[in-house]
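*Asks:* For reference, this is final-v3.pdb, and it has PDB, C-alpha atoms.
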```pdb
ATOM      1  CA  MET A  31       0.816  12.096  36.590
ATOM      2  CA  THR A  32      -2.283  13.155  38.488
ATOM      3  CA  PRO A  33      -3.581  11.049  41.414
ATOM      4  CA  ILE A  34      -6.691  10.125  39.412
ATOM      5  CA  VAL A  35      -4.636   8.834  36.441
ATOM      6  CA  ALA A  36      -2.329   6.940  38.795
ATOM      7  CA  MET A  37      -5.332   5.357  40.494
ATOM      8  CA  ASN A  38      -6.850   4.361  37.156
ATOM      9  CA  ASN A  39      -3.556   2.790  36.026
ATOM     10  CA  TRP A  40      -3.226   0.888  39.285
ATOM     11  CA  PHE A  41      -6.801  -0.374  39.061
ATOM     12  CA  SER A  42      -6.359  -1.356  35.393
ATOM     13  CA  GLN A  43      -3.193  -3.333  36.165
ATOM     14  CA  ARG A  44      -4.846  -5.122  39.061
ATOM     15  CA  MET A  45      -7.863  -5.936  36.891
ATOM     16  CA  GLN A  46      -5.657  -7.340  34.104
ATOM     17  CA  ARG A  47      -3.793  -9.562  36.568
ATOM     18  CA  TRP A  48      -7.077 -10.772  38.037
ATOM     19  CA  LEU A  49      -8.487 -11.527  34.574
ATOM     20  CA  ALA A  50      -5.295 -13.332  33.547
ATOM     21  CA  ALA A  51      -5.664 -15.628  36.547
ATOM     22  CA  ARG A  52      -9.420 -16.144  36.191
ATOM     23  CA  VAL A  53      -9.673 -16.228  32.371
ATOM     24  CA  PRO A  54      -6.241 -17.351  31.052
ATOM     25  CA  ALA A  55      -5.136 -17.069  27.419
ATOM     26  CA  VAL A  56      -6.347 -20.096  25.436
ATOM     27  CA  SER A  57      -7.418 -20.560  21.815
ATOM     28  CA  HIS A  58     -10.803 -22.037  22.817
ATOM     29  CA  VAL A  59     -13.099 -20.775  25.580
ATOM     30  CA  LEU A  60     -16.469 -22.018  26.827
ATOM     31  CA  LEU A  61     -18.409 -19.323  28.649
ATOM     32  CA  ASP A  62     -19.964 -20.311  31.983
ATOM     33  CA  ARG A  63     -20.599 -18.859  35.430
ATOM     34  CA  ARG A  64     -16.846 -18.630  36.134
ATOM     35  CA  ASN A  65     -16.090 -16.143  33.350
ATOM     36  CA  ILE A  66     -19.390 -14.320  32.725
ATOM     37  CA  PHE A  67     -20.029 -11.003  34.477
ATOM     38  CA  ILE A  68     -23.294  -9.094  34.615
ATOM     39  CA  LEU A  69     -24.335  -5.584  35.666
ATOM     40  CA  PRO A  70     -27.340  -3.349  34.950
ATOM     41  CA  THR A  71     -27.095  -0.940  32.023
ATOM     42  CA  GLY A  72     -27.942   2.764  32.139
ATOM     43  CA  PRO A  73     -31.485   2.125  30.846
ATOM     44  CA  GLY A  74     -31.739  -0.694  33.388
ATOM     45  CA  LEU A  75     -30.983   1.673  36.244
ATOM     46  CA  LEU A  76     -33.582   4.133  34.915
ATOM     47  CA  PHE A  77     -36.079   1.272  34.704
ATOM     48  CA  LEU A  78     -35.341   0.384  38.341
ATOM     49  CA  ALA A  79     -35.713   4.025  39.414
ATOM     50  CA  ALA A  80     -39.088   4.249  37.638
ATOM     51  CA  THR A  81     -40.182   1.049  39.344
ATOM     52  CA  THR A  82     -39.217   2.483  42.741
ATOM     53  CA  LEU A  83     -41.113   5.720  42.016
ATOM     54  CA  ILE A  84     -44.251   3.809  41.023
ATOM     55  CA  PHE A  85     -44.013   1.637  44.132
ATOM     56  CA  VAL A  86     -43.656   4.670  46.450
ATOM     57  CA  THR A  87     -46.613   6.334  44.724
ATOM     58  CA  ALA A  88     -48.682   3.184  45.191
ATOM     59  CA  ILE A  89     -47.911   3.165  48.917
ATOM     60  CA  ASN A  90     -48.788   6.856  49.346
ATOM     61  CA  TYR A  91     -52.063   6.701  47.446
ATOM     62  CA  ILE A  92     -52.924   3.020  48.036
ATOM     63  CA  LEU A  93     -53.342   2.274  44.319
ATOM     64  CA  SER A  94     -53.750  -1.429  43.629
ATOM     65  CA  MET A  95     -53.052  -1.000  39.912
ATOM     66  CA  ALA A  96     -49.823   0.829  40.708
ATOM     67  CA  PHE A  97     -48.828  -2.018  43.059
ATOM     68  CA  GLY A  98     -49.467  -4.529  40.290
ATOM     69  CA  LEU A  99     -47.447  -2.514  37.782
ATOM     70  CA  ALA A 100     -44.529  -2.129  40.204
ATOM     71  CA  PHE A 101     -44.460  -5.874  40.967
ATOM     72  CA  LEU A 102     -44.620  -6.666  37.246
ATOM     73  CA  MET A 103     -41.707  -4.343  36.529
ATOM     74  CA  VAL A 104     -39.657  -5.909  39.348
ATOM     75  CA  SER A 105     -40.378  -9.363  37.917
ATOM     76  CA  VAL A 106     -39.295  -8.288  34.436
ATOM     77  CA  PHE A 107     -36.141  -6.690  35.846
ATOM     78  CA  LEU A 108     -35.152  -9.826  37.772
ATOM     79  CA  LEU A 109     -36.025 -12.246  34.970
ATOM     80  CA  SER A 110     -33.868 -10.224  32.583
ATOM     81  CA  ILE A 111     -30.848 -11.197  34.693
ATOM     82  CA  LEU A 112     -31.483 -14.870  33.976
ATOM     83  CA  TYR A 113     -32.134 -14.398  30.265
ATOM     84  CA  SER A 114     -29.087 -12.167  29.766
ATOM     85  CA  PHE A 115     -26.836 -14.637  31.561
ATOM     86  CA  ARG A 116     -28.235 -17.667  29.706
ATOM     87  CA  ASN A 117     -27.708 -15.878  26.391
ATOM     88  CA  LEU A 118     -23.929 -16.133  26.937
ATOM     89  CA  GLN A 119     -23.807 -19.359  28.936
ATOM     90  CA  CYS A 120     -22.494 -22.391  26.994
ATOM     91  CA  LEU A 121     -21.309 -20.154  24.151
ATOM     92  CA  SER A 122     -18.028 -21.411  22.706
ATOM     93  CA  LEU A 123     -15.430 -19.052  21.208
ATOM     94  CA  ARG A 124     -12.488 -20.284  19.157
ATOM     95  CA  GLY A 125      -9.765 -17.955  17.883
ATOM     96  CA  LEU A 126      -8.842 -18.603  14.235
ATOM     97  CA  GLY A 127      -6.210 -15.893  13.887
ATOM     98  CA  ALA A 128      -5.918 -13.392  11.043
ATOM     99  CA  GLU A 129      -4.456 -13.201   7.550
ATOM    100  CA  PRO A 130      -1.286 -11.068   7.242
ATOM    101  CA  VAL A 131      -1.828  -7.370   6.554
ATOM    102  CA  PHE A 132       0.310  -4.337   5.799
ATOM    103  CA  VAL A 133       0.988  -1.508   8.224
ATOM    104  CA  GLY A 134      -1.937   0.916   8.175
ATOM    105  CA  GLN A 135      -4.557  -1.739   7.430
ATOM    106  CA  ASP A 136      -7.005  -3.355   9.845
ATOM    107  CA  ALA A 137      -6.226  -6.898  10.951
ATOM    108  CA  ALA A 138      -9.399  -9.022  10.743
ATOM    109  CA  PHE A 139      -9.222 -11.576  13.564
ATOM    110  CA  ALA A 140     -11.629 -14.439  12.886
ATOM    111  CA  VAL A 141     -13.587 -15.843  15.834
ATOM    112  CA  LEU A 142     -15.739 -18.965  15.509
ATOM    113  CA  LEU A 143     -18.875 -18.893  17.678
ATOM    114  CA  GLU A 144     -20.620 -22.173  18.494
ATOM    115  CA  GLY A 145     -23.586 -22.966  20.696
ATOM    116  CA  GLU A 146     -24.318 -26.151  22.621
ATOM    117  CA  GLY A 147     -27.680 -27.876  22.411
ATOM    118  CA  GLN A 148     -30.720 -26.098  21.008
ATOM    119  CA  ARG A 149     -30.257 -22.852  22.932
ATOM    120  CA  PRO A 150     -30.044 -19.754  20.684
ATOM    121  CA  HIS A 151     -27.631 -16.905  21.355
ATOM    122  CA  GLU A 152     -28.946 -13.580  20.136
ATOM    123  CA  MET A 153     -27.705  -9.975  19.983
ATOM    124  CA  LEU A 154     -24.047 -10.867  20.509
ATOM    125  CA  GLU A 155     -21.527  -8.038  20.310
ATOM    126  CA  LEU A 156     -17.751  -8.467  20.050
ATOM    127  CA  HIS A 157     -14.933  -5.935  19.974
ATOM    128  CA  PHE A 158     -11.413  -5.164  21.095
ATOM    129  CA  PRO A 159     -11.106  -2.304  23.612
ATOM    130  CA  GLY A 160     -11.545   1.037  21.877
ATOM    131  CA  GLN A 161     -12.400  -0.499  18.480
ATOM    132  CA  ARG A 162     -15.612  -0.849  16.478
ATOM    133  CA  TRP A 163     -18.187  -3.517  17.254
ATOM    134  CA  SER A 164     -18.986  -6.703  15.366
ATOM    135  CA  HIS A 165     -22.410  -8.361  15.719
ATOM    136  CA  ALA A 166     -23.659 -11.935  15.451
ATOM    137  CA  ASP A 167     -26.669 -14.154  16.165
ATOM    138  CA  LEU A 168     -26.650 -17.914  16.687
ATOM    139  CA  LEU A 169     -29.978 -19.555  15.929
ATOM    140  CA  ASP A 170     -30.965 -23.219  15.523
ATOM    141  CA  ASN A 171     -27.681 -24.603  16.872
ATOM    142  CA  SER A 172     -25.724 -22.863  14.123
ATOM    143  CA  GLN A 173     -22.167 -21.586  13.894
ATOM    144  CA  ALA A 174     -21.014 -18.085  13.092
ATOM    145  CA  ARG A 175     -17.631 -16.839  11.958
ATOM    146  CA  VAL A 176     -17.160 -13.238  13.052
ATOM    147  CA  SER A 177     -14.375 -10.873  12.047
ATOM    148  CA  VAL A 178     -13.201  -8.531  14.784
ATOM    149  CA  PHE A 179     -10.959  -5.696  13.611
ATOM    150  CA  LEU A 180      -7.812  -4.171  15.087
ATOM    151  CA  PRO A 181      -5.580  -1.506  13.435
ATOM    152  CA  ALA A 182      -2.057  -2.636  12.529
ATOM    153  CA  ARG A 183       0.188   0.283  13.385
ATOM    154  CA  GLN A 184       3.650  -1.307  13.173
ATOM    155  CA  ARG A 185       5.253  -4.262  11.460
ATOM    156  CA  GLY A 186       5.923  -7.556  13.205
ATOM    157  CA  LEU A 187       3.622  -9.810  15.182
ATOM    158  CA  LEU A 188       0.445  -8.090  16.326
ATOM    159  CA  LYS A 189      -0.946  -9.786  19.430
ATOM    160  CA  ALA A 190      -4.688  -9.401  19.823
ATOM    161  CA  PRO A 191      -5.710  -7.939  23.201
ATOM    162  CA  ARG A 192      -8.523  -9.386  25.281
ATOM    163  CA  LEU A 193     -11.750  -9.711  23.348
ATOM    164  CA  VAL A 194     -14.959  -8.369  24.854
ATOM    165  CA  VAL A 195     -18.047 -10.457  24.066
ATOM    166  CA  GLN A 196     -21.288  -9.123  25.483
ATOM    167  CA  THR A 197     -25.053  -9.157  25.166
ATOM    168  CA  ARG A 198     -27.899  -6.918  26.343
ATOM    169  CA  PHE A 199     -30.545  -9.408  25.360
ATOM    170  CA  PRO A 200     -33.543  -9.377  25.764
ATOM    171  CA  LEU A 201     -34.556  -5.871  26.876
ATOM    172  CA  GLY A 202     -31.270  -4.020  27.320
ATOM    173  CA  LEU A 203     -31.708  -3.801  31.095
ATOM    174  CA  TRP A 204     -28.652  -5.911  31.926
ATOM    175  CA  ARG A 205     -25.240  -6.256  30.282
ATOM    176  CA  ALA A 206     -23.665  -9.697  30.469
ATOM    177  CA  TRP A 207     -20.092  -9.866  29.216
ATOM    178  CA  SER A 208     -16.801 -11.713  29.305
ATOM    179  CA  ASN A 209     -13.195 -10.697  28.595
ATOM    180  CA  VAL A 210     -11.402 -13.547  26.865
ATOM    181  CA  ASP A 211      -7.876 -13.882  25.508
ATOM    182  CA  LEU A 212      -7.964 -16.241  22.517
ATOM    183  CA  ALA A 213      -4.169 -16.103  22.026
ATOM    184  CA  MET A 214      -4.474 -14.747  18.465
ATOM    185  CA  GLN A 215      -1.695 -13.114  16.466
ATOM    186  CA  CYS A 216      -1.412 -11.441  13.093
ATOM    187  CA  LEU A 217       1.683 -10.930  10.958
ATOM    188  CA  VAL A 218       2.045  -7.308   9.852
ATOM    189  CA  TYR A 219       4.165  -6.574   6.765
ATOM    190  CA  PRO A 220       5.933  -3.224   6.256
ATOM    191  CA  VAL A 221       3.943  -0.621   4.379
ATOM    192  CA  PRO A 222       4.960  -0.731   0.675
ATOM    193  CA  VAL A 223       6.563   2.537  -0.404
ATOM    194  CA  ALA A 224       7.491   3.099  -4.034
ATOM    195  CA  GLY A 225      11.011   4.262  -4.707
ATOM    196  CA  PRO A 226      13.886   3.889  -7.157
ATOM    197  CA  LEU A 227      15.788   0.628  -6.971
ATOM    198  CA  GLY A 228      19.501  -0.002  -7.403
ATOM    199  CA  GLY A 229      18.163  -1.987 -10.375
ATOM    200  CA  HIS A 230      14.774  -1.996 -12.066
ATOM    201  CA  VAL A 231      12.665  -4.373 -14.161
ATOM    202  CA  LEU A 232      12.287  -4.009 -17.930
ATOM    203  CA  ALA A 233      10.260  -6.028 -20.442
ATOM    204  CA  SER A 234      12.214  -7.469 -23.349
ATOM    205  CA  VAL A 235      10.941  -7.645 -26.909
ATOM    206  CA  SER A 236      10.405 -11.385 -26.579
ATOM    207  CA  GLY A 237       8.066 -10.814 -23.665
ATOM    208  CA  LYS A 238      10.581 -12.262 -21.267
ATOM    209  CA  SER A 239      11.448 -10.196 -18.210
ATOM    210  CA  GLU A 240      14.877  -8.744 -17.834
ATOM    211  CA  ALA A 241      16.379  -7.252 -14.694
ATOM    212  CA  SER A 242      18.705  -4.261 -14.945
ATOM    213  CA  LEU A 243      20.995  -3.601 -11.998
ATOM    214  CA  ALA A 244      23.090  -0.563 -11.302
ATOM    215  CA  GLY A 245      26.453  -1.211 -12.898
ATOM    216  CA  THR A 246      29.126   0.128 -15.238
ATOM    217  CA  GLU A 247      28.527  -1.463 -18.663
ATOM    218  CA  ASP A 248      25.630   0.184 -20.527
ATOM    219  CA  PHE A 249      24.548   3.819 -20.417
ATOM    220  CA  HIS A 250      20.939   3.933 -19.219
ATOM    221  CA  GLY A 251      20.092   7.615 -18.817
ATOM    222  CA  LEU A 252      20.313  10.639 -16.569
ATOM    223  CA  ARG A 253      18.900  11.336 -13.161
ATOM    224  CA  ASN A 254      19.013  14.281 -10.772
ATOM    225  CA  TYR A 255      22.159  14.685  -8.698
ATOM    226  CA  GLN A 256      22.040  13.439  -5.110
ATOM    227  CA  ALA A 257      24.456  14.223  -2.315
ATOM    228  CA  GLY A 258      27.261  11.670  -2.303
ATOM    229  CA  ASP A 259      27.255  10.948  -6.055
ATOM    230  CA  SER A 260      30.675  10.634  -7.682
ATOM    231  CA  LEU A 261      31.893  13.688  -9.584
ATOM    232  CA  LYS A 262      33.052  11.338 -12.373
ATOM    233  CA  GLN A 263      29.419  10.512 -13.207
ATOM    234  CA  ILE A 264      28.183  14.106 -13.480
ATOM    235  CA  ALA A 265      26.894  15.006 -16.956
ATOM    236  CA  TRP A 266      28.850  18.256 -17.473
ATOM    237  CA  LYS A 267      27.466  18.794 -20.991
ATOM    238  CA  SER A 268      23.927  18.690 -19.637
ATOM    239  CA  LEU A 269      24.877  21.248 -16.998
ATOM    240  CA  ALA A 270      26.412  23.494 -19.650
ATOM    241  CA  ARG A 271      23.155  23.404 -21.620
ATOM    242  CA  GLY A 272      21.323  24.690 -18.553
ATOM    243  CA  GLN A 273      19.505  21.426 -17.835
ATOM    244  CA  GLY A 274      20.607  21.322 -14.219
ATOM    245  CA  LEU A 275      22.993  19.019 -12.389
ATOM    246  CA  LYS A 276      22.507  15.483 -13.736
ATOM    247  CA  VAL A 277      24.255  12.177 -13.090
ATOM    248  CA  LYS A 278      24.890   9.452 -15.696
ATOM    249  CA  GLN A 279      23.395   6.030 -14.964
ATOM    250  CA  PHE A 280      24.933   2.751 -16.156
ATOM    251  CA  VAL A 281      23.406  -0.704 -15.813
ATOM    252  CA  ASP A 282      24.383  -4.377 -16.014
ATOM    253  CA  ASN A 283      21.676  -6.748 -17.280
ATOM    254  CA  ALA A 284      20.671 -10.118 -15.839
ATOM    255  CA  ASP A 285      17.820 -12.201 -17.294
ATOM    256  CA  ASP A 286      14.781 -12.970 -15.118
ATOM    257  CA  ARG A 287      16.561 -12.830 -11.764
ATOM    258  CA  LEU A 288      16.981 -10.115  -9.183
ATOM    259  CA  MET A 289      18.416 -10.275  -5.680
ATOM    260  CA  LEU A 290      16.853  -7.560  -3.551
ATOM    261  CA  ASP A 291      19.553  -6.247  -1.273
ATOM    262  CA  TRP A 292      19.653  -4.028   1.803
ATOM    263  CA  ALA A 293      22.499  -2.140   0.125
ATOM    264  CA  MET A 294      20.238  -0.923  -2.704
ATOM    265  CA  PHE A 295      18.915   1.922  -0.533
ATOM    266  CA  PRO A 296      21.853   3.782   1.025
ATOM    267  CA  GLY A 297      21.109   6.663   3.333
ATOM    268  CA  LEU A 298      17.658   5.435   4.393
ATOM    269  CA  SER A 299      16.588   4.233   7.830
ATOM    270  CA  SER A 300      15.851   0.581   8.514
ATOM    271  CA  GLU A 301      12.088   1.001   8.272
ATOM    272  CA  GLU A 302      12.371   3.008   5.049
ATOM    273  CA  ARG A 303      14.544   0.316   3.482
ATOM    274  CA  LEU A 304      12.125  -2.413   4.535
ATOM    275  CA  SER A 305       9.230  -0.454   3.018
ATOM    276  CA  ARG A 306      11.092  -0.045  -0.283
ATOM    277  CA  LEU A 307      12.000  -3.740  -0.340
ATOM    278  CA  CYS A 308       8.385  -4.667   0.416
ATOM    279  CA  TYR A 309       7.201  -2.601  -2.548
ATOM    280  CA  TRP A 310       9.655  -4.273  -4.908
ATOM    281  CA  VAL A 311       8.779  -7.745  -3.658
ATOM    282  CA  LEU A 312       5.183  -7.103  -4.703
ATOM    283  CA  GLU A 313       6.254  -5.619  -8.039
ATOM    284  CA  LEU A 314       8.573  -8.498  -8.917
ATOM    285  CA  ASP A 315       5.996 -11.057  -7.828
ATOM    286  CA  ARG A 316       3.476  -9.545 -10.244
ATOM    287  CA  GLY A 317       6.135  -9.626 -12.977
ATOM    288  CA  ASP A 318       6.708 -13.376 -12.466
ATOM    289  CA  ILE A 319      10.446 -12.896 -11.944
ATOM    290  CA  ASP A 320      12.779 -14.973  -9.780
ATOM    291  CA  TYR A 321      13.891 -12.823  -6.870
ATOM    292  CA  GLY A 322      15.593 -13.249  -3.538
ATOM    293  CA  LEU A 323      16.280 -11.155  -0.469
ATOM    294  CA  ARG A 324      19.459 -10.229   1.337
ATOM    295  CA  LEU A 325      19.248  -8.493   4.716
ATOM    296  CA  PRO A 326      21.924  -8.063   7.390
ATOM    297  CA  GLY A 327      22.169 -11.500   8.969
ATOM    298  CA  LEU A 328      19.620 -13.092   6.621
ATOM    299  CA  GLU A 329      19.505 -14.287   3.002
ATOM    300  CA  ILE A 330      16.677 -15.950   1.054
ATOM    301  CA  ASP A 331      17.506 -17.690  -2.220
ATOM    302  CA  LEU A 332      15.922 -16.818  -5.551
ATOM    303  CA  GLY A 333      12.414 -18.080  -6.188
ATOM    304  CA  ARG A 334       8.914 -17.113  -7.227
ATOM    305  CA  GLY A 335       5.282 -17.904  -6.421
ATOM    306  CA  GLU A 336       2.929 -17.283  -3.526
ATOM    307  CA  VAL A 337       4.830 -19.406  -1.005
ATOM    308  CA  HIS A 338       8.082 -17.609  -1.828
ATOM    309  CA  ARG A 339       6.370 -14.198  -1.657
ATOM    310  CA  ARG A 340       4.945 -14.962   1.800
ATOM    311  CA  LYS A 341       8.350 -16.175   2.973
ATOM    312  CA  VAL A 342      10.077 -12.987   1.833
ATOM    313  CA  LEU A 343       7.399 -10.674   3.211
ATOM    314  CA  SER A 344       7.472 -12.549   6.527
ATOM    315  CA  ALA A 345      11.229 -12.025   6.695
ATOM    316  CA  LEU A 346      10.733  -8.295   6.149
ATOM    317  CA  ALA A 347       8.026  -8.166   8.810
ATOM    318  CA  LEU A 348      10.026 -10.027  11.446
ATOM    319  CA  TRP A 349      13.502  -8.703  10.711
ATOM    320  CA  ASN A 350      15.219  -7.431  13.832
ATOM    321  CA  GLY A 351      17.707  -4.602  13.350
ATOM    322  CA  SER A 352      19.978  -6.044  16.030
ATOM    323  CA  LYS A 353      20.661  -9.125  13.886
ATOM    324  CA  GLY A 354      23.842  -8.820  11.940
ATOM    325  CA  GLY A 355      24.749  -5.636  13.825
ATOM    326  CA  GLN A 356      24.017  -3.405  10.821
ATOM    327  CA  GLY A 357      21.357  -1.111  12.198
ATOM    328  CA  ASP A 358      20.775   1.824   9.896
ATOM    329  CA  ARG A 359      24.249   1.896   8.417
ATOM    330  CA  SER A 360      24.619   1.931   4.681
ATOM    331  CA  ALA A 361      25.963  -1.331   3.354
TER
END
```
Show this structure as structure tokens.

*Replies:*
Amino acid sequence: MTPIVAMNNWFSQRMQRWLAARVPAVSHVLLDRRNIFILPTGPGLLFLAATTLIFVTAINYILSMAFGLAFLMVSVFLLSILYSFRNLQCLSLRGLGAEPVFVGQDAAFAVLLEGEGQRPHEMLELHFPGQRWSHADLLDNSQARVSVFLPARQRGLLKAPRLVVQTRFPLGLWRAWSNVDLAMQCLVYPVPVAGPLGGHVLASVSGKSEASLAGTEDFHGLRNYQAGDSLKQIAWKSLARGQGLKVKQFVDNADDRLMLDWAMFPGLSSEERLSRLCYWVLELDRGDIDYGLRLPGLEIDLGRGEVHRRKVLSALALWNGSKGGQGDRSA
């Protein structure tokens, strides 16, 4: 680590500790002089340099018009401080959280902006560090619900970092901002990945759903050989006909019920199993079939409907591999 990187890390850690003490994590924040910061922007510094140049020229050549222009520019520059600060002052931010998403999607954290009194708040910009900006205007004592986006890169609970709310109103000469932690979280489900199941869903002639699980009763078909398959199930006649190494599949049928089990995906890692289970939860939910979930250390009874689907997906999102002591072992 270079000295410059080490210095930046040290400064960033100190700044985060200072912000945590000055602007603690709460779901509702009212911006005032204690948590609003203000500095000139790049164009603001150029504006100040131009004002200085005009003033020096006025002194050298004793130009009354130049003096007037310089004083006017100084007045505008100083008044912009007040207007930029007042544009954030008394602005209320309330964190509303985010709807669950899947890994790879953007979590949309909802923030409710409210003003006090008749003061408008214009040209507001909100974003998480390193992410794209969201914009809002509050006029006529109105409210605004703004979605601020953050990529969901892994399953579990995604904690929103500090939110930057800023304004460069009215002329872009000053930047007033605040870093607030609205204590928002988003539940991130595993990414659904299609794959063969130890059982699969078929539609019966009556229109009623029927679940077929891997079993020993009825011959279902052939599939390609996989390492670890029993030699007793190899279709030797198919091999003799030059159709390649195939394995016979047998199934046991069960009407309208399916228990999704960790053991249905031997040989896969924990995250791969969770992704396969997530895919089949969505498939079975669309098929209006009673289904349950069995993970190491956790079991959810059979059910259906939106509430049941959210419960099962939440279990997949929050499952900890240390529970049950199974890890990545095949059940």

*Asks:* Which residues of stretch 71-115 of chain A sit at most 12 Å from stretch 150-154 of chain A, using only C-alpha atoms? Give each one's shortest atom pair and distance in Å (one decimal place), in chain and ascending residue order, as a tab-separated table.

*Replies:*
```
residue	atom	partner	partner_atom	distance
A:Tyr113	CA	A:His151	CA	10.3
A:Ser114	CA	A:Glu152	CA	9.7
A:Phe115	CA	A:His151	CA	10.5
```

*Asks:* Determine, counting only C-alpha atoms, which protein, DNA and RNA residues have an atom within 10 Å of an atom of A:Gln215; residues of the same chain fewer than 3 positions away are not included. Present the result as a list in words.

*Replies:*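 In the requested format, the answer is Gly125, Leu126, Gly127, Ala128, Glu129, Pro130, Ala137, Phe139, Gly186, Leu187, Leu188, Lys189, Ala190, Pro191, Leu212 and Val218 of chain A.
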
*Asks:* Find the spatial neighbours of A:Leu78, counting all atoms listed in the file, within a cut-off of 12 Å - ignore same-chain residues fewer than 6 positions away - and output them as a list in words.

*Replies:*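 My reading of the contact set: Pro70, Thr71, Gly72, Ile84, Phe85, Ala100, Phe101, Leu102, Met103, Val104, Ser105, Val106, Phe107, Leu108, Leu203 and Trp204 of chain A.
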
*Asks:* Grab the residues selected above and save them as a PDB file, keeping the file's coordinate frame with C-alpha atoms.

*Replies:*
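Just written: result_12.pdb:
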```pdb
ATOM      1  CA  PRO A  70     -27.340  -3.349  34.950  1.00  0.00           C
ATOM      2  CA  THR A  71     -27.095  -0.940  32.023  1.00  0.00           C
ATOM      3  CA  GLY A  72     -27.942   2.764  32.139  1.00  0.00           C
ATOM      4  CA  ILE A  84     -44.251   3.809  41.023  1.00  0.00           C
ATOM      5  CA  PHE A  85     -44.013   1.637  44.132  1.00  0.00           C
ATOM      6  CA  ALA A 100     -44.529  -2.129  40.204  1.00  0.00           C
ATOM      7  CA  PHE A 101     -44.460  -5.874  40.967  1.00  0.00           C
ATOM      8  CA  LEU A 102     -44.620  -6.666  37.246  1.00  0.00           C
ATOM      9  CA  MET A 103     -41.707  -4.343  36.529  1.00  0.00           C
ATOM     10  CA  VAL A 104     -39.657  -5.909  39.348  1.00  0.00           C
ATOM     11  CA  SER A 105     -40.378  -9.363  37.917  1.00  0.00           C
ATOM     12  CA  VAL A 106     -39.295  -8.288  34.436  1.00  0.00           C
ATOM     13  CA  PHE A 107     -36.141  -6.690  35.846  1.00  0.00           C
ATOM     14  CA  LEU A 108     -35.152  -9.826  37.772  1.00  0.00           C
ATOM     15  CA  LEU A 203     -31.708  -3.801  31.095  1.00  0.00           C
ATOM     16  CA  TRP A 204     -28.652  -5.911  31.926  1.00  0.00           C
TER      17      TRP A 204
END
```

*Asks:* Env of A:Val210: 7 Å cut, atoms = all atoms listed in the file, seq-sep filter 2 positions within chain, self excluded. Answer as number ranges by chain.

*Replies:* A: 53, 192-194, 208, 212

*Asks:* Could you tell me, as a VMD selection string, exactly which residues end up selected when the PyMOL selection byres ((chain A and resi 328) around 9) is applied to this structure?

*Replies:* chain A and resid 323 to 327 329 to 330 345 349 353 to 354

*Asks:* When you look at A:Leu49 with a cut-off of 10 Å (counting all atoms listed in the file), what residues show up, excluding the ones that are within fewer than 5 positions of it in the same chain? I need them as a list in words.

*Replies:* Gln43, Arg44, Pro54, Ala55, Asn65, Arg192, Ser208, Asn209, Val210 and Asp211 of chain A

*Asks:* When you draw a straight line from atom CA of A:His58 to atom CA of A:Val178, how long is it in Å?

*Replies:*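 It comes out at 15.9 Å.
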
*Asks:* So which one's closest to A:Pro181, A:Leu290, A:Leu343, A:Val133, A:Met45? Using only C-alpha atoms, please.

*Replies:* A:Val133

*Asks:* Show me that you can extract stretch 165-177 of chain A, keeping C-alpha atoms, and write it as a compact mmCIF listing (two decimals), in the first residue's frame.

*Replies:*
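Result written to out_25.txt:
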```txt
# COMPACT_ATOMS: atom_id res chain seq x y z
CA HIS A 165 -33.16 14.62 -8.94
CA ALA A 166 -36.12 16.30 -7.26
CA ASP A 167 -37.80 19.68 -6.75
CA LEU A 168 -40.11 20.66 -3.90
CA LEU A 169 -42.44 23.52 -4.77
CA ASP A 170 -45.50 24.93 -2.98
CA ASN A 171 -44.93 22.99 0.24
CA SER A 172 -45.18 19.68 -1.61
CA GLN A 173 -43.74 16.24 -0.95
CA ALA A 174 -41.57 14.17 -3.24
CA ARG A 175 -40.80 10.47 -3.17
CA VAL A 176 -37.41 9.84 -4.75
CA SER A 177 -35.87 6.49 -5.64
```
